[in-house]
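Trainee: Have a look at this one before I ask anything.
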Amino acid sequence: MEWTEIERERLAKLEAMRAEGIDPYPARVQFAKERVMAADAIKQALALKIDDGRPTTDDRDASVIGRPSSMVHPDTTPVALMGRVVGKRVMGKASFVHIEDGSAKIQFYARVGEDSIDVGSFSLFKELDLGDFIEARGPLFITKTGEPSLRVTAWRLLSKSVSPLPIAKEEKQPDGTFRRYSAFTSPELRFRQRYTDLAVNPDVREVFWTRAKVIKAIRDYFDNNGFLEVETPILQPLYGGAAARPFVTHHNELDQDMYLRISFELYLKRLLVGGIERVYEIGRDFRNEGVSYRHNPEFTQIEFYAAYWDLFDVMDFTEQFIQHAARAVLPNGKAIFRGQTIDFLQPWTRLTLHDAILSATGVDYKLYPDFDSLKSAIKAKGLEYSSSAKTWGKLVDGLMGDYVEKNLIQPTFLYEYPRDISPFAKSKLDEPNTVERFEGFMGGMELCNAFTELNDPLDQAQRFLDEQKNAEGEEANPVDEDYLRAMRYGMPPNGGFGMGIDRFVMVLTGKDSIREVLLFPALRSDE
């Protein structure tokens, strides 16, 4: 590679350190046992409340040069802090750096003196670059401007930064706080270099803390309601459980093709047959399909199945656990998503799919029970429909996607879907072409999908065959004989559910694209 001028300067520093016997990448830290996080150190320093009566100067001037010890509480126990250098000022015989760890940013103050560091150590301290990782030990104190700081009595370089990070600009706000403006804002570069994005944009780190809290809250809720968390195979000899194209690989030892799973469903329902009445899994699914603001080839899903529940039991539970997860990260239960306020704590609206489509389009699809008549009715209304739709149910689903979904901003359940697009859902008793299925929506996009699950093995076998006949490309479940065998042993009536965690986090954090809530989203190769 070709080094930049700044990188060459830093490499020269690195080699000079090595020439003096200093390891710029030591194997371990020295002050681990004394370490505190920056946020805790700030709290400790603020509790000191030392004031020696000197006049306050500019807010960005520490005002401790010459008499730092007078501002240190006599009972202060030295602590150690570690982190990345994100700011630096050298003022004669004193040097200030700001370091940032995983909790906060704090100032280090170093000078030459008996109560600080020697000339050689200070000389190296002044040569620190933004991006370097360091550890330092010393007492905490507060500057005349009220800034919590650590007076460095010992320090060491932990990792030398060769390439400079994009520098963030800070501007003072009218309320006296400082706002950081990132110099690293290109979406393309941010997603390709997520490590840089995280290093310079604290708000991005916060998104992934929020994501972790959401998943933990969901897991806790299921664990506390009698569900067993399990892990099912990611590499499967046969894919199924959704209408999606799989990724295919080959197992050399077994000499057979394998598939990355597109759903957990069929394995989780096998466990119902085995006597586990409430089961869930949180993990990755893989679908070899398009990439968009709400689609990524690999995504995080939660699926659960509960014996003796139907779709209305699942609806109630879904509303409860989503509200629980929202409370964990949103104090008031509300989020701004694409300019709309989403209220997670309000009761979900519940509409039949038929009523929602009729209201939005004027098409009463139940009056047109076959493909050709429904297509004619849609055309007569001057509405668009997908030319690739091959079944009556696909036409109905297209009407929902084109004319209903985008308007479902607040949490909403649509239920009772066409049978021919729902191969694992139980039919309504009085409407054999309609199944007990719901989808949940918010922010104008689908969030979750659920059924009263089909547990009749003969009906399921016929559904597999019907789906094969009406398959669009590869988007059909292959006939899974082992799953049918499991069903023939007897599967309890049950309700099942699946939700994309990534989309849920999008809405909670107000992010427009799924790439913003994935640490490493799928991208085209950067040639």
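If you're wondering about the labels, chains in the structure tokens are A, B, ... by order shown, residues count from 1 in each chain, ligands from 1 in order shown.
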Please provide as an MDAnalysis selection string all residues within 12 Å of A:Lys390, with the sequence filter that same-chain residues fewer than 4 positions apart are discarded (counting only C-alpha atoms).
Mentor: chainID A and resid 370:372 374:375 385:386 394:398 420:421 467 469:473
Trainee: Residues at most 6 Å from A:Phe247, counting only C-alpha atoms, excluding those fewer than 5 positions away in the same chain, as a list in words?
Mentor: Tyr259, Leu260 and Asn288 of chain A
Trainee: As a PDB file with C-alpha atoms, in the first residue's frame, which residues of stretch 252-319 of chain A does DSSP assign to strand (DSSP E)?
Mentor:
```pdb
ATOM      1  CA  GLN A 256     -24.354 -33.552  -0.510  1.00  0.00           C
ATOM      2  CA  ASP A 257     -25.687 -30.074  -1.002  1.00  0.00           C
ATOM      3  CA  MET A 258     -26.732 -28.182   2.110  1.00  0.00           C
ATOM      4  CA  TYR A 259     -28.743 -25.009   2.558  1.00  0.00           C
ATOM      5  CA  LEU A 260     -28.413 -22.060   4.893  1.00  0.00           C
ATOM      6  CA  ARG A 278     -43.305 -23.513  24.410  1.00  0.00           C
ATOM      7  CA  VAL A 279     -40.175 -22.950  22.384  1.00  0.00           C
ATOM      8  CA  TYR A 280     -38.350 -20.015  20.803  1.00  0.00           C
ATOM      9  CA  GLU A 281     -35.159 -19.179  18.961  1.00  0.00           C
ATOM     10  CA  ILE A 282     -33.319 -15.935  18.252  1.00  0.00           C
ATOM     11  CA  GLY A 283     -30.790 -16.246  15.463  1.00  0.00           C
ATOM     12  CA  ARG A 284     -29.770 -15.670  11.868  1.00  0.00           C
ATOM     13  CA  ASP A 285     -31.754 -16.567   8.757  1.00  0.00           C
ATOM     14  CA  PHE A 286     -30.361 -16.344   5.221  1.00  0.00           C
ATOM     15  CA  GLU A 298     -28.782 -12.396   6.463  1.00  0.00           C
ATOM     16  CA  PHE A 299     -30.969 -11.068   9.225  1.00  0.00           C
ATOM     17  CA  THR A 300     -31.873 -11.735  12.831  1.00  0.00           C
ATOM     18  CA  GLN A 301     -35.196 -13.375  13.495  1.00  0.00           C
ATOM     19  CA  ILE A 302     -37.176 -14.479  16.501  1.00  0.00           C
ATOM     20  CA  GLU A 303     -39.640 -17.316  16.116  1.00  0.00           C
ATOM     21  CA  PHE A 304     -41.757 -18.923  18.803  1.00  0.00           C
ATOM     22  CA  TYR A 305     -44.344 -21.688  18.975  1.00  0.00           C
ATOM     23  CA  ALA A 306     -46.761 -22.379  21.823  1.00  0.00           C
ATOM     24  CA  ALA A 307     -48.936 -25.478  22.147  1.00  0.00           C
TER      25      ALA A 307
END
```
Trainee: Restricting the calculation to only C-alpha atoms, which member of A:Ile22, A:Ala12, A:Ile336, A:Ile42 is positioned closest to A:Thr509?
Mentor: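 Checking each of A:Ile22, A:Ala12, A:Ile336, A:Ile42 against A:Thr509, counting only C-alpha atoms, the winner is A:Ile336.
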Trainee: Of the candidates A:Ala243, A:Asp316, A:Val79, A:Phe141, which one gets nearest to A:Gln468 if we count only C-alpha atoms?
Mentor: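 So, comparing all the options, the nearest one is A:Ala243.
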Trainee: Which residues in stretch 261-487 of chain A does DSSP call alpha helix (DSSP H)? List them as a ChimeraX atom specification.
Mentor: /A:265-273,311-329,353-361,371-380,392-403,457-469,481-487
Trainee: Please produce a file of those selected residues containing C-alpha atoms, as a PDB file, in the first residue's frame.
Mentor:
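The file below, result_18.pdb, is the result:
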```pdb
ATOM      1  CA  GLU A 265     -40.119 -22.971  11.672  1.00  0.00           C
ATOM      2  CA  LEU A 266     -40.096 -26.627  10.708  1.00  0.00           C
ATOM      3  CA  TYR A 267     -37.426 -27.570  13.236  1.00  0.00           C
ATOM      4  CA  LEU A 268     -39.104 -25.692  16.074  1.00  0.00           C
ATOM      5  CA  LYS A 269     -42.453 -27.366  15.364  1.00  0.00           C
ATOM      6  CA  ARG A 270     -40.753 -30.771  15.431  1.00  0.00           C
ATOM      7  CA  LEU A 271     -39.981 -29.933  19.071  1.00  0.00           C
ATOM      8  CA  LEU A 272     -43.702 -29.498  19.788  1.00  0.00           C
ATOM      9  CA  VAL A 273     -44.154 -33.061  18.572  1.00  0.00           C
ATOM     10  CA  LEU A 311     -53.582 -16.691  16.381  1.00  0.00           C
ATOM     11  CA  PHE A 312     -55.484 -14.523  18.881  1.00  0.00           C
ATOM     12  CA  ASP A 313     -53.426 -15.839  21.790  1.00  0.00           C
ATOM     13  CA  VAL A 314     -50.317 -15.072  19.732  1.00  0.00           C
ATOM     14  CA  MET A 315     -51.641 -11.576  18.974  1.00  0.00           C
ATOM     15  CA  ASP A 316     -52.086 -10.852  22.670  1.00  0.00           C
ATOM     16  CA  PHE A 317     -48.634 -12.162  23.568  1.00  0.00           C
ATOM     17  CA  THR A 318     -46.999 -10.294  20.686  1.00  0.00           C
ATOM     18  CA  GLU A 319     -48.506  -7.010  21.834  1.00  0.00           C
ATOM     19  CA  GLN A 320     -47.248  -7.665  25.363  1.00  0.00           C
ATOM     20  CA  PHE A 321     -43.659  -8.634  24.574  1.00  0.00           C
ATOM     21  CA  ILE A 322     -43.180  -5.824  22.043  1.00  0.00           C
ATOM     22  CA  GLN A 323     -44.410  -3.293  24.585  1.00  0.00           C
ATOM     23  CA  HIS A 324     -42.053  -4.814  27.154  1.00  0.00           C
ATOM     24  CA  ALA A 325     -39.086  -4.512  24.777  1.00  0.00           C
ATOM     25  CA  ALA A 326     -40.020  -0.930  23.859  1.00  0.00           C
ATOM     26  CA  ARG A 327     -40.163   0.096  27.529  1.00  0.00           C
ATOM     27  CA  ALA A 328     -36.628  -1.225  27.976  1.00  0.00           C
ATOM     28  CA  VAL A 329     -35.189   1.379  25.582  1.00  0.00           C
ATOM     29  CA  LEU A 353     -57.188  -8.175   5.658  1.00  0.00           C
ATOM     30  CA  HIS A 354     -60.470  -8.083   3.749  1.00  0.00           C
ATOM     31  CA  ASP A 355     -61.697  -4.940   5.526  1.00  0.00           C
ATOM     32  CA  ALA A 356     -58.341  -3.178   5.161  1.00  0.00           C
ATOM     33  CA  ILE A 357     -58.133  -3.820   1.394  1.00  0.00           C
ATOM     34  CA  LEU A 358     -61.778  -2.931   0.834  1.00  0.00           C
ATOM     35  CA  SER A 359     -61.330   0.371   2.671  1.00  0.00           C
ATOM     36  CA  ALA A 360     -58.122   1.276   0.800  1.00  0.00           C
ATOM     37  CA  THR A 361     -59.059   0.147  -2.737  1.00  0.00           C
ATOM     38  CA  PHE A 371     -57.641 -15.487 -10.210  1.00  0.00           C
ATOM     39  CA  ASP A 372     -59.125 -14.200 -13.491  1.00  0.00           C
ATOM     40  CA  SER A 373     -62.191 -12.522 -11.991  1.00  0.00           C
ATOM     41  CA  LEU A 374     -60.140 -10.788  -9.295  1.00  0.00           C
ATOM     42  CA  LYS A 375     -57.577  -9.580 -11.824  1.00  0.00           C
ATOM     43  CA  SER A 376     -60.411  -8.130 -13.929  1.00  0.00           C
ATOM     44  CA  ALA A 377     -61.914  -6.413 -10.881  1.00  0.00           C
ATOM     45  CA  ILE A 378     -58.553  -4.844 -10.016  1.00  0.00           C
ATOM     46  CA  LYS A 379     -58.087  -3.593 -13.575  1.00  0.00           C
ATOM     47  CA  ALA A 380     -61.634  -2.205 -13.609  1.00  0.00           C
ATOM     48  CA  TRP A 392     -55.501 -15.535  -6.386  1.00  0.00           C
ATOM     49  CA  GLY A 393     -53.741 -15.140  -3.054  1.00  0.00           C
ATOM     50  CA  LYS A 394     -50.788 -13.377  -4.675  1.00  0.00           C
ATOM     51  CA  LEU A 395     -53.164 -10.821  -6.196  1.00  0.00           C
ATOM     52  CA  VAL A 396     -54.717 -10.214  -2.774  1.00  0.00           C
ATOM     53  CA  ASP A 397     -51.297  -9.906  -1.159  1.00  0.00           C
ATOM     54  CA  GLY A 398     -50.255  -7.455  -3.887  1.00  0.00           C
ATOM     55  CA  LEU A 399     -53.223  -5.213  -3.108  1.00  0.00           C
ATOM     56  CA  MET A 400     -52.212  -5.186   0.544  1.00  0.00           C
ATOM     57  CA  GLY A 401     -48.577  -4.398  -0.270  1.00  0.00           C
ATOM     58  CA  ASP A 402     -49.355  -1.645  -2.768  1.00  0.00           C
ATOM     59  CA  TYR A 403     -52.304   0.112  -1.145  1.00  0.00           C
ATOM     60  CA  PRO A 457     -50.373 -34.039   8.267  1.00  0.00           C
ATOM     61  CA  LEU A 458     -52.599 -34.907   5.307  1.00  0.00           C
ATOM     62  CA  ASP A 459     -53.593 -31.288   4.712  1.00  0.00           C
ATOM     63  CA  GLN A 460     -49.947 -30.243   5.098  1.00  0.00           C
ATOM     64  CA  ALA A 461     -48.825 -32.772   2.490  1.00  0.00           C
ATOM     65  CA  GLN A 462     -51.373 -31.377   0.038  1.00  0.00           C
ATOM     66  CA  ARG A 463     -50.255 -27.803   0.807  1.00  0.00           C
ATOM     67  CA  PHE A 464     -46.691 -28.746  -0.116  1.00  0.00           C
ATOM     68  CA  LEU A 465     -47.900 -30.149  -3.442  1.00  0.00           C
ATOM     69  CA  ASP A 466     -50.092 -27.122  -4.153  1.00  0.00           C
ATOM     70  CA  GLU A 467     -47.206 -24.775  -3.432  1.00  0.00           C
ATOM     71  CA  GLN A 468     -44.920 -26.701  -5.773  1.00  0.00           C
ATOM     72  CA  LYS A 469     -47.504 -26.391  -8.534  1.00  0.00           C
ATOM     73  CA  GLU A 481     -41.005 -35.865   4.237  1.00  0.00           C
ATOM     74  CA  ASP A 482     -39.309 -35.906   7.636  1.00  0.00           C
ATOM     75  CA  TYR A 483     -41.454 -32.991   8.824  1.00  0.00           C
ATOM     76  CA  LEU A 484     -44.566 -34.802   7.594  1.00  0.00           C
ATOM     77  CA  ARG A 485     -43.415 -37.917   9.456  1.00  0.00           C
ATOM     78  CA  ALA A 486     -43.118 -35.873  12.649  1.00  0.00           C
ATOM     79  CA  MET A 487     -46.627 -34.484  12.134  1.00  0.00           C
TER      80      MET A 487
END
```
Trainee: Out of A:Val36, A:Ala244, A:Met91, A:Val363, which residue has the shortest atom-to-atom distance to A:Gly138 when counting only C-alpha atoms?
Mentor: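 Result for the nearest residue to A:Gly138: A:Val36.
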Trainee: Of the candidates A:Asp456, A:Asp480, A:Arg437, A:Phe504, which shows the shortest atom-to-atom distance to A:Pro492, using only C-alpha atoms?
Mentor: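 Result for the nearest residue to A:Pro492: A:Asp456.
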Trainee: Within 8 Å of A:Pro493, counting only C-alpha atoms, which residues qualify if same-chain residues fewer than 4 places away don't, as a list in words?
Mentor: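 Using only C-alpha atoms, the neighbours found are Ala307, Tyr308, Trp309, Asp310, Thr452, Glu453, Leu454 and Asn455 of chain A.
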Trainee: For the residues in that selection, give me N, CA and C atoms as a PDB file, in the first residue's frame.
Mentor:
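Output contents, as saved in again-v6.pdb:
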```pdb
ATOM      1  N   ALA A 307     -47.857 -24.499  22.239  1.00  0.00           N
ATOM      2  CA  ALA A 307     -48.936 -25.478  22.147  1.00  0.00           C
ATOM      3  C   ALA A 307     -50.203 -24.918  22.780  1.00  0.00           C
ATOM      4  N   TYR A 308     -51.325 -25.241  22.165  1.00  0.00           N
ATOM      5  CA  TYR A 308     -52.670 -24.905  22.651  1.00  0.00           C
ATOM      6  C   TYR A 308     -53.003 -23.416  22.519  1.00  0.00           C
ATOM      7  N   TRP A 309     -52.222 -22.684  21.736  1.00  0.00           N
ATOM      8  CA  TRP A 309     -52.552 -21.297  21.414  1.00  0.00           C
ATOM      9  C   TRP A 309     -53.096 -21.222  19.994  1.00  0.00           C
ATOM     10  N   ASP A 310     -53.898 -20.164  19.723  1.00  0.00           N
ATOM     11  CA  ASP A 310     -54.291 -19.860  18.353  1.00  0.00           C
ATOM     12  C   ASP A 310     -53.781 -18.470  17.999  1.00  0.00           C
ATOM     13  N   THR A 452     -52.295 -19.570  13.341  1.00  0.00           N
ATOM     14  CA  THR A 452     -52.717 -20.784  14.009  1.00  0.00           C
ATOM     15  C   THR A 452     -52.146 -21.890  13.142  1.00  0.00           C
ATOM     16  N   GLU A 453     -51.187 -22.621  13.689  1.00  0.00           N
ATOM     17  CA  GLU A 453     -50.389 -23.523  12.852  1.00  0.00           C
ATOM     18  C   GLU A 453     -51.171 -24.758  12.419  1.00  0.00           C
ATOM     19  N   LEU A 454     -50.937 -25.148  11.183  1.00  0.00           N
ATOM     20  CA  LEU A 454     -51.538 -26.358  10.640  1.00  0.00           C
ATOM     21  C   LEU A 454     -50.908 -27.572  11.316  1.00  0.00           C
ATOM     22  N   ASN A 455     -51.744 -28.463  11.855  1.00  0.00           N
ATOM     23  CA  ASN A 455     -51.211 -29.679  12.477  1.00  0.00           C
ATOM     24  C   ASN A 455     -51.826 -30.952  11.895  1.00  0.00           C
TER      25      ASN A 455
END
```
Trainee: Excluding same-chain residues fewer than 6 positions from A:Ala199, what lies within 12 Å of it counting only C-alpha atoms, as a PyMOL selection string?
Mentor: chain A and resi 83-86+99-102+130-133+164-168+182-184+190+193+205-206
Trainee: Any idea what the distance is between atom CA of A:Arg137 and atom CA of A:Val152?
Mentor: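 The value is 5.8 Å.
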Trainee: Under the rule that only C-alpha atoms are counted, which of A:Asp23, A:Asp220, A:Asp118, A:Glu135 is the nearest residue to A:Ala38?
Mentor: A:Glu135
Trainee: When you look at A:Phe96 with a cut-off of 6 Å (counting only C-alpha atoms), what residues show up, excluding the ones that are within fewer than 3 positions of it in the same chain? I need them as a list in words.
Mentor: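 Answer for this query is Lys88, Arg89, Phe108 and Tyr109 of chain A.
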Trainee: Write to file, as a CSV table (one decimal), in the first residue's frame, the residues of the selection just made, with N, CA, C and O atoms.
Mentor:
```csv
chain,number,residue,atom,x,y,z
A,88,LYS,N,-6.4,16.7,21.9
A,88,LYS,CA,-5.1,16.9,22.4
A,88,LYS,C,-4.8,18.4,22.4
A,88,LYS,O,-5.1,19.1,21.4
A,89,ARG,N,-4.1,19.0,23.5
A,89,ARG,CA,-3.6,20.3,23.5
A,89,ARG,C,-2.3,20.3,24.3
A,89,ARG,O,-2.2,19.8,25.4
A,108,PHE,N,-7.2,14.0,30.5
A,108,PHE,CA,-6.0,13.7,31.2
A,108,PHE,C,-5.1,15.0,31.2
A,108,PHE,O,-5.0,15.7,30.2
A,109,TYR,N,-4.5,15.3,32.4
A,109,TYR,CA,-3.6,16.4,32.5
A,109,TYR,C,-2.2,15.9,32.9
A,109,TYR,O,-2.1,15.2,33.9
```
